[in-house]
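A.B. asks: Below is protein_23.cif; it holds mmCIF, C-alpha atoms.
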data_entry
loop_
_atom_site.group_PDB
_atom_site.id
_atom_site.type_symbol
_atom_site.label_atom_id
_atom_site.label_comp_id
_atom_site.auth_asym_id
_atom_site.auth_seq_id
_atom_site.Cartn_x
_atom_site.Cartn_y
_atom_site.Cartn_z
ATOM 1 C CA MET A 200 -37.033 -20.315 0.871
ATOM 2 C CA ASN A 201 -38.737 -17.969 3.324
ATOM 3 C CA SER A 202 -41.618 -16.179 1.580
ATOM 4 C CA ASP A 203 -42.277 -13.833 4.528
ATOM 5 C CA ILE A 204 -40.736 -10.638 3.209
ATOM 6 C CA SER A 205 -42.031 -7.083 3.461
ATOM 7 C CA LEU A 206 -42.485 -4.588 0.670
ATOM 8 C CA LYS A 207 -40.434 -2.173 2.769
ATOM 9 C CA ALA A 208 -37.460 -4.545 2.692
ATOM 10 C CA LEU A 209 -37.800 -4.880 -1.082
ATOM 11 C CA ARG A 210 -37.895 -1.105 -1.467
ATOM 12 C CA TYR A 211 -34.792 -0.646 0.702
ATOM 13 C CA PHE A 212 -33.052 -3.310 -1.381
ATOM 14 C CA VAL A 213 -33.855 -1.561 -4.676
ATOM 15 C CA VAL A 214 -32.756 1.839 -3.330
ATOM 16 C CA ALA A 215 -29.475 0.345 -2.074
ATOM 17 C CA ILE A 216 -28.732 -1.060 -5.525
ATOM 18 C CA ARG A 217 -29.691 2.186 -7.225
ATOM 19 C CA GLU A 218 -27.575 4.312 -4.892
ATOM 20 C CA GLY A 219 -24.713 1.810 -4.845
ATOM 21 C CA SER A 220 -24.195 2.319 -1.133
ATOM 22 C CA ILE A 221 -25.963 1.323 2.037
ATOM 23 C CA THR A 222 -25.107 4.660 3.593
ATOM 24 C CA GLU A 223 -26.521 6.671 0.691
ATOM 25 C CA ALA A 224 -29.607 4.465 0.516
ATOM 26 C CA ALA A 225 -30.219 5.038 4.234
ATOM 27 C CA LYS A 226 -30.216 8.799 3.611
ATOM 28 C CA VAL A 227 -32.733 8.441 0.765
ATOM 29 C CA VAL A 228 -35.231 6.332 2.752
ATOM 30 C CA ASN A 229 -34.456 8.215 6.001
ATOM 31 C CA VAL A 230 -33.451 5.249 8.155
ATOM 32 C CA VAL A 231 -30.238 4.133 9.826
ATOM 33 C CA PRO A 232 -27.796 2.181 7.599
ATOM 34 C CA SER A 233 -28.274 -0.983 9.651
ATOM 35 C CA ALA A 234 -31.955 -1.069 8.594
ATOM 36 C CA VAL A 235 -30.938 -1.110 4.934
ATOM 37 C CA HIS A 236 -28.286 -3.739 5.621
ATOM 38 C CA THR A 237 -30.878 -5.905 7.360
ATOM 39 C CA ALA A 238 -33.303 -5.459 4.469
ATOM 40 C CA ILE A 239 -30.739 -6.679 1.941
ATOM 41 C CA ASN A 240 -30.052 -9.743 4.066
ATOM 42 C CA GLN A 241 -33.799 -10.420 4.391
ATOM 43 C CA VAL A 242 -34.350 -10.206 0.625
ATOM 44 C CA GLU A 243 -31.490 -12.589 -0.131
ATOM 45 C CA ALA A 244 -32.643 -14.975 2.599
ATOM 46 C CA ALA A 245 -36.221 -14.898 1.322
ATOM 47 C CA PHE A 246 -35.144 -15.961 -2.177
ATOM 48 C CA GLY A 247 -32.330 -18.195 -0.964
ATOM 49 C CA LEU A 248 -30.063 -16.512 -3.509
ATOM 50 C CA GLN A 249 -27.026 -14.259 -3.470
ATOM 51 C CA LEU A 250 -28.205 -11.151 -5.249
ATOM 52 C CA THR A 251 -25.504 -8.626 -4.286
ATOM 53 C CA ILE A 252 -21.782 -8.292 -3.893
ATOM 54 C CA ARG A 253 -20.860 -5.886 -1.127
ATOM 55 C CA SER A 254 -17.410 -4.355 -0.753
ATOM 56 C CA ARG A 255 -16.043 -1.308 1.056
ATOM 57 C CA SER A 256 -14.416 0.094 -2.055
ATOM 58 C CA LYS A 257 -17.132 -0.522 -4.646
ATOM 59 C CA GLY A 258 -20.257 -0.514 -2.503
ATOM 60 C CA ASN A 259 -23.195 -2.685 -3.574
ATOM 61 C CA SER A 260 -23.361 -4.382 -6.960
ATOM 62 C CA LEU A 261 -25.576 -7.077 -8.375
ATOM 63 C CA THR A 262 -24.674 -10.669 -9.130
ATOM 64 C CA ALA A 263 -25.848 -12.176 -12.418
ATOM 65 C CA THR A 264 -28.854 -13.553 -10.550
ATOM 66 C CA GLY A 265 -29.464 -10.153 -9.000
ATOM 67 C CA HIS A 266 -29.589 -8.567 -12.453
ATOM 68 C CA GLN A 267 -32.393 -10.981 -13.356
ATOM 69 C CA MET A 268 -34.332 -10.383 -10.148
ATOM 70 C CA ILE A 269 -34.133 -6.601 -9.812
ATOM 71 C CA PRO A 270 -36.582 -5.823 -12.692
ATOM 72 C CA LYS A 271 -39.109 -8.248 -11.213
ATOM 73 C CA ILE A 272 -38.795 -6.694 -7.782
ATOM 74 C CA GLN A 273 -39.163 -3.215 -9.281
ATOM 75 C CA ASN A 274 -42.273 -4.330 -11.208
ATOM 76 C CA LEU A 275 -43.805 -5.610 -7.963
ATOM 77 C CA LEU A 276 -43.131 -2.299 -6.226
ATOM 78 C CA ASP A 277 -44.549 -0.387 -9.201
ATOM 79 C CA GLU A 278 -47.717 -2.514 -9.114
ATOM 80 C CA TYR A 279 -48.057 -1.854 -5.411
ATOM 81 C CA GLU A 280 -47.755 1.901 -5.939
ATOM 82 C CA SER A 281 -50.296 1.669 -8.735
ATOM 83 C CA LEU A 282 -52.655 -0.219 -6.437
ATOM 84 C CA LEU A 283 -52.366 2.511 -3.803
ATOM 85 C CA GLN A 284 -53.008 5.149 -6.455
ATOM 86 C CA ASP A 285 -56.090 3.294 -7.695
ATOM 87 C CA GLY A 286 -57.386 3.057 -4.147
ATOM 88 C CA GLY A 287 -56.917 6.780 -3.694
ATOM 89 C CA ASP A 288 -58.698 7.468 -6.969
ATOM 90 C CA MET A 289 -61.659 5.349 -5.856
ATOM 91 C CA ARG A 290 -61.965 7.466 -2.716
ATOM 92 C CA THR A 291 -61.667 10.836 -4.416
ATOM 93 C CA ARG A 292 -62.621 10.441 -8.098
ATOM 94 C CA LEU A 293 -65.652 9.120 -9.918
ATOM 95 C CA THR A 294 -63.997 6.163 -11.600
ATOM 96 C CA GLY A 295 -64.383 2.413 -11.948
ATOM 97 C CA THR A 296 -67.336 0.034 -12.162
ATOM 98 C CA LEU A 297 -70.397 0.233 -9.922
ATOM 99 C CA ARG A 298 -71.925 -3.209 -9.313
ATOM 100 C CA ILE A 299 -75.589 -3.149 -8.344
ATOM 101 C CA GLY A 300 -77.479 -6.207 -7.128
ATOM 102 C CA TYR A 301 -81.231 -5.729 -7.200
ATOM 103 C CA TYR A 302 -84.266 -7.718 -6.236
ATOM 104 C CA ALA A 303 -87.092 -5.194 -6.356
ATOM 105 C CA PRO A 304 -89.073 -6.732 -9.267
ATOM 106 C CA ALA A 305 -89.887 -3.299 -10.678
ATOM 107 C CA ALA A 306 -86.400 -1.804 -10.179
ATOM 108 C CA PRO A 307 -86.180 -1.126 -13.945
ATOM 109 C CA ALA A 308 -88.934 1.449 -13.395
ATOM 110 C CA PHE A 309 -86.627 3.761 -11.438
ATOM 111 C CA MET A 310 -83.021 2.564 -11.676
ATOM 112 C CA PRO A 311 -82.208 3.976 -15.157
ATOM 113 C CA GLU A 312 -82.908 7.555 -14.015
ATOM 114 C CA ILE A 313 -80.479 7.221 -11.103
ATOM 115 C CA VAL A 314 -77.755 5.684 -13.259
ATOM 116 C CA GLU A 315 -78.177 8.396 -15.894
ATOM 117 C CA GLN A 316 -77.288 11.016 -13.305
ATOM 118 C CA ILE A 317 -74.115 9.123 -12.394
ATOM 119 C CA LEU A 318 -72.942 8.434 -15.948
ATOM 120 C CA GLN A 319 -73.605 11.946 -17.202
ATOM 121 C CA GLY A 320 -70.210 13.558 -17.755
ATOM 122 C CA ASN A 321 -68.334 10.803 -15.887
ATOM 123 C CA HIS A 322 -66.595 8.953 -18.698
ATOM 124 C CA GLU A 323 -64.485 6.735 -16.421
ATOM 125 C CA VAL A 324 -67.561 5.139 -14.836
ATOM 126 C CA SER A 325 -69.482 2.044 -15.905
ATOM 127 C CA VAL A 326 -72.367 0.196 -14.247
ATOM 128 C CA LYS A 327 -73.146 -3.512 -14.014
ATOM 129 C CA PHE A 328 -76.590 -4.732 -12.929
ATOM 130 C CA PHE A 329 -77.194 -8.153 -11.391
ATOM 131 C CA GLU A 330 -80.763 -9.411 -10.951
ATOM 132 C CA CYS A 331 -80.960 -11.736 -7.968
ATOM 133 C CA ASP A 332 -83.213 -12.822 -5.135
ATOM 134 C CA ASN A 333 -83.296 -11.184 -1.728
ATOM 135 C CA GLN A 334 -80.888 -13.642 -0.104
ATOM 136 C CA SER A 335 -78.301 -13.721 -2.878
ATOM 137 C CA ALA A 336 -78.382 -9.913 -3.066
ATOM 138 C CA GLN A 337 -77.345 -9.691 0.576
ATOM 139 C CA ASP A 338 -74.808 -12.500 0.243
ATOM 140 C CA GLY A 339 -73.290 -10.742 -2.758
ATOM 141 C CA LEU A 340 -73.002 -7.457 -0.892
ATOM 142 C CA VAL A 341 -71.263 -9.046 2.090
ATOM 143 C CA SER A 342 -68.883 -11.034 -0.132
ATOM 144 C CA GLY A 343 -67.943 -7.984 -2.186
ATOM 145 C CA ALA A 344 -69.613 -9.116 -5.417
ATOM 146 C CA TYR A 345 -71.904 -6.042 -5.291
ATOM 147 C CA ASP A 346 -71.240 -2.487 -4.140
ATOM 148 C CA VAL A 347 -74.872 -1.729 -3.324
ATOM 149 C CA ILE A 348 -78.150 -3.633 -3.367
ATOM 150 C CA VAL A 349 -81.818 -2.750 -3.693
ATOM 151 C CA CYS A 350 -84.135 -5.350 -2.207
ATOM 152 C CA PHE A 351 -87.057 -5.906 0.145
ATOM 153 C CA ALA A 352 -86.631 -5.452 3.900
ATOM 154 C CA LYS A 353 -86.661 -9.093 4.897
ATOM 155 C CA ALA A 354 -84.167 -10.791 7.233
ATOM 156 C CA MET A 355 -81.388 -8.289 6.541
ATOM 157 C CA LYS A 356 -77.930 -9.618 7.388
ATOM 158 C CA THR A 357 -75.878 -8.211 10.255
ATOM 159 C CA GLY A 358 -73.332 -5.684 9.055
ATOM 160 C CA ILE A 359 -75.415 -4.317 6.196
ATOM 161 C CA ALA A 360 -76.383 -0.668 6.477
ATOM 162 C CA TYR A 361 -79.827 -0.200 4.992
ATOM 163 C CA GLU A 362 -82.647 2.274 4.862
ATOM 164 C CA THR A 363 -86.185 2.193 3.580
ATOM 165 C CA LEU A 364 -86.599 3.914 0.235
ATOM 166 C CA LEU A 365 -90.316 3.331 -0.253
ATOM 167 C CA GLU A 366 -93.240 1.452 1.249
ATOM 168 C CA VAL A 367 -95.412 0.036 -1.513
ATOM 169 C CA PRO A 368 -98.985 -1.047 -0.756
ATOM 170 C CA GLY A 369 -100.522 -4.032 -2.493
ATOM 171 C CA TYR A 370 -102.924 -3.665 -5.389
ATOM 172 C CA ALA A 371 -104.889 -5.858 -7.776
ATOM 173 C CA LEU A 372 -103.735 -6.030 -11.393
ATOM 174 C CA VAL A 373 -106.579 -6.952 -13.741
ATOM 175 C CA PRO A 374 -107.242 -6.912 -17.492
ATOM 176 C CA ALA A 375 -108.523 -3.530 -18.656
ATOM 177 C CA SER A 376 -111.776 -5.225 -19.715
ATOM 178 C CA HIS A 377 -112.329 -6.892 -16.316
ATOM 179 C CA PRO A 378 -115.268 -5.685 -14.188
ATOM 180 C CA PHE A 379 -112.837 -4.797 -11.374
ATOM 181 C CA ALA A 380 -111.025 -2.322 -13.659
ATOM 182 C CA GLY A 381 -113.761 0.302 -13.330
ATOM 183 C CA ARG A 382 -114.013 0.130 -9.566
ATOM 184 C CA PRO A 383 -112.286 2.610 -7.199
ATOM 185 C CA SER A 384 -111.093 -0.298 -5.048
ATOM 186 C CA ILE A 385 -111.622 -3.957 -4.266
ATOM 187 C CA SER A 386 -111.035 -6.064 -1.160
ATOM 188 C CA MET A 387 -108.952 -9.207 -0.769
ATOM 189 C CA GLN A 388 -112.222 -11.134 -0.528
ATOM 190 C CA ASP A 389 -113.027 -10.098 -4.106
ATOM 191 C CA PHE A 390 -110.228 -12.410 -5.257
ATOM 192 C CA ALA A 391 -112.315 -15.405 -4.172
ATOM 193 C CA GLY A 392 -113.500 -17.310 -7.226
ATOM 194 C CA GLN A 393 -111.134 -15.436 -9.565
ATOM 195 C CA ASN A 394 -108.348 -17.055 -11.560
ATOM 196 C CA ILE A 395 -105.096 -15.846 -10.025
ATOM 197 C CA VAL A 396 -101.685 -15.270 -11.616
ATOM 198 C CA LEU A 397 -98.881 -14.832 -9.082
ATOM 199 C CA LEU A 398 -95.294 -13.658 -9.120
ATOM 200 C CA ASP A 399 -93.261 -16.644 -7.936
ATOM 201 C CA LEU A 400 -90.108 -15.274 -6.332
ATOM 202 C CA PRO A 401 -88.560 -15.673 -2.866
ATOM 203 C CA VAL A 402 -90.000 -13.328 -0.229
ATOM 204 C CA VAL A 403 -92.897 -12.060 -2.391
ATOM 205 C CA SER A 404 -94.431 -15.482 -3.014
ATOM 206 C CA GLU A 405 -94.412 -16.203 0.731
ATOM 207 C CA TYR A 406 -95.805 -12.746 1.356
ATOM 208 C CA TYR A 407 -98.707 -13.201 -1.095
ATOM 209 C CA ALA A 408 -99.531 -16.584 0.426
ATOM 210 C CA SER A 409 -99.709 -14.969 3.882
ATOM 211 C CA GLN A 410 -102.044 -12.225 2.631
ATOM 212 C CA PHE A 411 -104.468 -14.758 1.174
ATOM 213 C CA ASP A 412 -104.296 -16.741 4.427
ATOM 214 C CA GLN A 413 -105.068 -13.635 6.485
ATOM 215 C CA ALA A 414 -108.054 -12.908 4.227
ATOM 216 C CA GLY A 415 -109.280 -16.492 4.655
ATOM 217 C CA ILE A 416 -109.092 -17.163 0.922
ATOM 218 C CA LYS A 417 -107.853 -20.247 -0.869
ATOM 219 C CA PRO A 418 -106.793 -18.681 -4.176
ATOM 220 C CA ARG A 419 -107.387 -20.464 -7.476
ATOM 221 C CA ILE A 420 -103.866 -20.076 -8.850
ATOM 222 C CA VAL A 421 -103.856 -20.887 -12.555
ATOM 223 C CA ALA A 422 -100.360 -19.616 -13.440
ATOM 224 C CA THR A 423 -97.153 -18.402 -11.801
ATOM 225 C CA ALA A 424 -94.087 -16.700 -13.268
ATOM 226 C CA ASN A 425 -90.768 -15.488 -11.903
ATOM 227 C CA SER A 426 -90.854 -12.368 -14.071
ATOM 228 C CA LEU A 427 -92.970 -9.312 -13.323
ATOM 229 C CA GLU A 428 -93.520 -8.595 -17.004
ATOM 230 C CA MET A 429 -94.675 -12.168 -17.650
ATOM 231 C CA VAL A 430 -97.226 -11.808 -14.847
ATOM 232 C CA ARG A 431 -98.446 -8.526 -16.361
ATOM 233 C CA SER A 432 -98.674 -10.079 -19.833
ATOM 234 C CA LEU A 433 -100.623 -13.084 -18.540
ATOM 235 C CA VAL A 434 -103.039 -10.765 -16.769
ATOM 236 C CA GLY A 435 -103.371 -8.551 -19.830
ATOM 237 C CA ASN A 436 -104.252 -11.601 -21.928
ATOM 238 C CA GLY A 437 -107.119 -12.399 -19.571
ATOM 239 C CA ILE A 438 -105.556 -15.448 -17.900
ATOM 240 C CA GLY A 439 -106.410 -14.097 -14.457
ATOM 241 C CA CYS A 440 -105.941 -11.347 -11.871
ATOM 242 C CA SER A 441 -102.845 -10.737 -9.769
ATOM 243 C CA LEU A 442 -101.765 -9.255 -6.455
ATOM 244 C CA LEU A 443 -98.760 -6.951 -6.907
ATOM 245 C CA HIS A 444 -97.046 -3.992 -5.264
ATOM 246 C CA MET A 445 -94.847 -1.744 -7.406
ATOM 247 C CA LEU A 446 -96.402 0.019 -10.362
ATOM 248 C CA THR A 447 -94.777 0.302 -13.759
ATOM 249 C CA ALA A 448 -94.768 3.496 -15.805
ATOM 250 C CA ASN A 449 -97.580 2.458 -18.167
ATOM 251 C CA ASP A 450 -100.607 0.203 -18.383
ATOM 252 C CA VAL A 451 -99.570 -1.674 -21.545
ATOM 253 C CA THR A 452 -97.881 -5.085 -21.409
ATOM 254 C CA TYR A 453 -95.139 -6.437 -23.679
ATOM 255 C CA ALA A 454 -97.886 -8.138 -25.681
ATOM 256 C CA GLY A 455 -99.681 -4.825 -26.218
ATOM 257 C CA ASP A 456 -102.638 -5.579 -23.914
ATOM 258 C CA LYS A 457 -103.928 -3.070 -21.407
ATOM 259 C CA VAL A 458 -104.071 -3.752 -17.670
ATOM 260 C CA ALA A 459 -105.474 -1.783 -14.744
ATOM 261 C CA ALA A 460 -104.141 -1.349 -11.202
ATOM 262 C CA VAL A 461 -106.941 -1.322 -8.629
ATOM 263 C CA PRO A 462 -106.267 -0.285 -4.996
ATOM 264 C CA LEU A 463 -107.123 -2.685 -2.180
ATOM 265 C CA GLN A 464 -109.453 -1.534 0.570
ATOM 266 C CA PRO A 465 -108.836 -2.216 3.376
ATOM 267 C CA PRO A 466 -105.120 -2.061 2.478
ATOM 268 C CA VAL A 467 -102.816 -5.027 3.033
ATOM 269 C CA ASP A 468 -99.414 -4.788 4.680
ATOM 270 C CA PRO A 469 -96.993 -2.880 2.435
ATOM 271 C CA LEU A 470 -93.639 -4.189 1.278
ATOM 272 C CA LYS A 471 -90.583 -2.074 2.052
ATOM 273 C CA ILE A 472 -87.963 -1.450 -0.621
ATOM 274 C CA VAL A 473 -84.567 -0.832 0.957
ATOM 275 C CA LEU A 474 -81.149 0.314 -0.148
ATOM 276 C CA GLY A 475 -78.321 -1.744 1.317
ATOM 277 C CA HIS A 476 -74.588 -1.043 1.391
ATOM 278 C CA LEU A 477 -71.582 -1.691 3.610
ATOM 279 C CA PRO A 478 -71.025 1.276 5.936
ATOM 280 C CA ASP A 479 -67.230 1.191 5.526
ATOM 281 C CA ASN A 480 -67.183 1.367 1.708
ATOM 282 C CA PRO A 481 -65.242 4.598 1.019
ATOM 283 C CA ARG A 482 -65.622 4.694 -2.774
ATOM 284 C CA ARG A 483 -66.896 8.037 -4.003
ATOM 285 C CA LEU A 484 -68.856 6.267 -6.751
ATOM 286 C CA VAL A 485 -70.791 4.225 -4.175
ATOM 287 C CA LYS A 486 -71.474 7.299 -2.062
ATOM 288 C CA MET A 487 -72.773 9.160 -5.113
ATOM 289 C CA PHE A 488 -75.143 6.318 -6.044
ATOM 290 C CA VAL A 489 -76.496 6.182 -2.494
ATOM 291 C CA THR A 490 -77.079 9.953 -2.514
ATOM 292 C CA GLU A 491 -78.757 9.935 -5.944
ATOM 293 C CA LEU A 492 -81.061 7.072 -4.940
ATOM 294 C CA GLN A 493 -82.025 8.802 -1.698
ATOM 295 C CA THR A 494 -82.706 12.011 -3.598
ATOM 296 C CA TYR A 495 -84.884 10.257 -6.188
ATOM 297 C CA PHE A 496 -87.128 8.694 -3.562
ATOM 298 C CA GLN A 497 -87.755 12.098 -2.019
ATOM 299 C CA LYS A 498 -89.128 13.395 -5.325
ATOM 300 C CA PRO A 499 -92.805 13.286 -6.392
ATOM 301 C CA GLU A 500 -91.855 10.869 -9.219
ATOM 302 C CA ALA A 501 -91.257 8.126 -6.667
ATOM 303 C CA ARG A 502 -94.904 8.264 -5.662
ATOM 304 C CA ALA A 503 -95.790 7.005 -9.140
ATOM 305 C CA LEU A 504 -94.393 3.621 -8.106
ATOM 306 C CA ARG A 505 -97.261 3.224 -5.627
ATOM 307 C CA VAL A 506 -100.883 2.673 -6.421
ATOM 308 C CA ALA A 507 -103.039 5.597 -5.313
ATOM 309 C CA ARG A 508 -104.935 4.996 -2.112
ATOM 310 C CA PRO A 509 -108.713 4.979 -2.573
ATOM 311 C CA LYS A 510 -110.501 8.042 -1.286
ATOM 312 C CA SER A 511 -112.359 7.344 1.910
#
Could you render the structure from this file as structure tokens?
C.D. replies:
Amino acid sequence: MNSDISLKALRYFVVAIREGSITEAAKVVNVVPSAVHTAINQVEAAFGLQLTIRSRSKGNSLTATGHQMIPKIQNLLDEYESLLQDGGDMRTRLTGTLRIGYYAPAAPAFMPEIVEQILQGNHEVSVKFFECDNQSAQDGLVSGAYDVIVCFAKAMKTGIAYETLLEVPGYALVPASHPFAGRPSISMQDFAGQNIVLLDLPVVSEYYASQFDQAGIKPRIVATANSLEMVRSLVGNGIGCSLLHMLTANDVTYAGDKVAAVPLQPPVDPLKIVLGHLPDNPRRLVKMFVTELQTYFQKPEARALRVARPKS
């Protein structure tokens, strides 16, 4: 059996059976009769079966085997047409599932507003979020697991189109009752001698280590966590202070404790949050998400994700 058969040959075959004549089928598909004749031979050769009986007086008719195969062939052609239609809908209509991979630890602070704009009035759209690290976010985008990603600008893979959404400066997170909480700013050197709670995730953990090294400080790390909210809750409970970047919308932790964000002066190197997508993704849903995200980060609300710089 030769499995190398084209959909065009299958379509010519079905039309020839429907029309009952190679000549009439050729008129329908707008080709010469020999092309239809060749297609029928190719289909029968591919299956290794006699599917038709051809005669000058009666034209084309199906064998018993042909009667069993023709519905299956028609189903395949129908599925193919449906696939093409779905592809067209993805280009022109807001439909389907948008898969977002994100690594910005505080992405929940801004992502819901963007998604609300997309879902509003678009009942054929759904969204799936996937929390991942910087590397797996990029791997997932390239492999097709995600449509778009939000992550930090670090070792971006070739082929990914990305742009900076926001640069977020570092700040100290301290318990509301801590002496640092009432100060307009602190320096990295002020962390010396303090108990430190750090976010332990790829990229950011290496970044924090480099900032302490540059400041000449050996931090007294008493706890780490791979969740931003756990870090905030540990700080709120008085376990220690932390070095973070993106702000959340309020100063209350899950545990109900208050924390304070204190700017660093002089400032440390900011982290860049980027939007990544494949430049050749034609889906209208993806394009809309990209536009909505770009629009959001041009609004004043986006500035609330950054700690205010101390007045000089």
A.B. asks: Where does the PyMOL selection byres ((chain A and resi 241-250) around 12) land in this file, that is, which residues does it pick, as a ChimeraX atom specification?
C.D. replies: /A:200-213,215-216,234-240,251-253,259-269,272
A.B. asks: Write out as a list in words the residues lying within 6 Å of range 397-414 of chain A, counting all atoms listed in the file and excluding same-chain residues fewer than 4 positions away.
C.D. replies: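 Residues near the query, excluding close chain neighbours: Thr423, Ala424, Asn425 and Ser441 of chain A.
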A.B. asks: Give me, please, the distance in Å between CA of Ile317 in chain A and CA of Asp346 in chain A, quoted to one decimal.
C.D. replies: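 Pair CA of Ile317 in chain A / CA of Asp346 in chain A returns 14.5 Å.
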A.B. asks: I need the residue nearest Thr447 in chain A from this list: A:Arg431, A:Ala354, A:Gln464, A:Gln393. Use all atoms listed in the file for the distance.
C.D. replies: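 Closest residue, counting all atoms listed in the file: A:Arg431.
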A.B. asks: Compare A:Leu446, A:Ile359, A:Leu427, A:Ala380 by their minimum atom-to-atom distance to Leu504 in chain A, counting all atoms listed in the file, and give me the closest one.
C.D. replies: A:Leu446
A.B. asks: Around range 297-305 of chain A, fit a box with edges along x, y and z, padding it by 5 Å on each side, then list its centre and edge lengths in Å to one decimal as AutoDock Vina command-line options.
C.D. replies:
--center_x -80.1 --center_y -3.7 --center_z -8.5 --size_x 29.5 --size_y 18.0 --size_z 14.4
A.B. asks: Using only C-alpha atoms, which protein or nucleic acid residues come within 9 Å of Leu470 in chain A? Drop anything in the same chain fewer than 3 positions from it, and give the result as a short mmCIF file (atom, residue, chain, number, x, y, z; two decimals) with C-alpha atoms, keeping the file's coordinate frame.
C.D. replies:
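What follows is the written file part-v5.cif:
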data_model
loop_
_atom_site.label_atom_id
_atom_site.label_comp_id
_atom_site.auth_asym_id
_atom_site.auth_seq_id
_atom_site.Cartn_x
_atom_site.Cartn_y
_atom_site.Cartn_z
CA PHE A 351 -87.06 -5.91 0.14
CA ALA A 352 -86.63 -5.45 3.90
CA LEU A 365 -90.32 3.33 -0.25
CA GLU A 366 -93.24 1.45 1.25
CA VAL A 367 -95.41 0.04 -1.51
CA PRO A 368 -98.98 -1.05 -0.76
CA GLY A 369 -100.52 -4.03 -2.49
CA VAL A 403 -92.90 -12.06 -2.39
CA TYR A 406 -95.80 -12.75 1.36
CA HIS A 444 -97.05 -3.99 -5.26
#
A.B. asks: Apply the PyMOL selection byres ((chain A and resi 432) around 8) to the structure shown and report the selected residues as a list of chain:residue names.
C.D. replies: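 Against this file, the PyMOL selection byres ((chain A and resi 432) around 8) returns the residues A:Glu428, A:Met429, A:Val430, A:Arg431, A:Leu433, A:Val434, A:Gly435, A:Asn436, A:Thr452, A:Tyr453, A:Ala454, A:Asp456.
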A.B. asks: Using the chain letters and numbers from the file, give me the residues hit by the PyMOL selection byres ((chain A and resi 384) around 8), as a list in words.
C.D. replies: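 What the PyMOL selection byres ((chain A and resi 384) around 8) grabs from the file is Phe379, Arg382, Pro383, Ile385, Ser386, Val461, Pro462, Leu463, Gln464 and Pro509 of chain A.
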A.B. asks: With all atoms listed in the file as the basis for distance, which of A:Pro499, A:Pro418, A:Gly437, A:Pro307 is at the shortest distance from Ala459 in chain A?
C.D. replies: A:Gly437
A.B. asks: Return the single residue from A:Ile395, A:Leu364, A:Leu442, A:Ala344 that is closest to Phe309 in chain A, with distances computed using only C-alpha atoms.
C.D. replies: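 Checking each of A:Ile395, A:Leu364, A:Leu442, A:Ala344 against Phe309 in chain A, counting only C-alpha atoms, the winner is A:Leu364.
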A.B. asks: How far is it from CA of Gly439 in chain A to CA of Ala503 in chain A, in Å with one decimal?
C.D. replies: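 It comes out at 24.2 Å.
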A.B. asks: May I have the protein, DNA and RNA residues with an atom at most 9 Å from (-85.9, 1.4, -1.7), counting all atoms listed in the file in the file's coordinates, returned as a list of chain:residue names?
C.D. replies: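 Looking at atoms near the point gives A:Ala303, A:Val349, A:Cys350, A:Phe351, A:Ala352, A:Glu362, A:Thr363, A:Leu364, A:Leu365, A:Glu366, A:Lys471, A:Ile472, A:Val473, A:Leu474, A:Gly475, A:Leu492, A:Gln493, A:Phe496.
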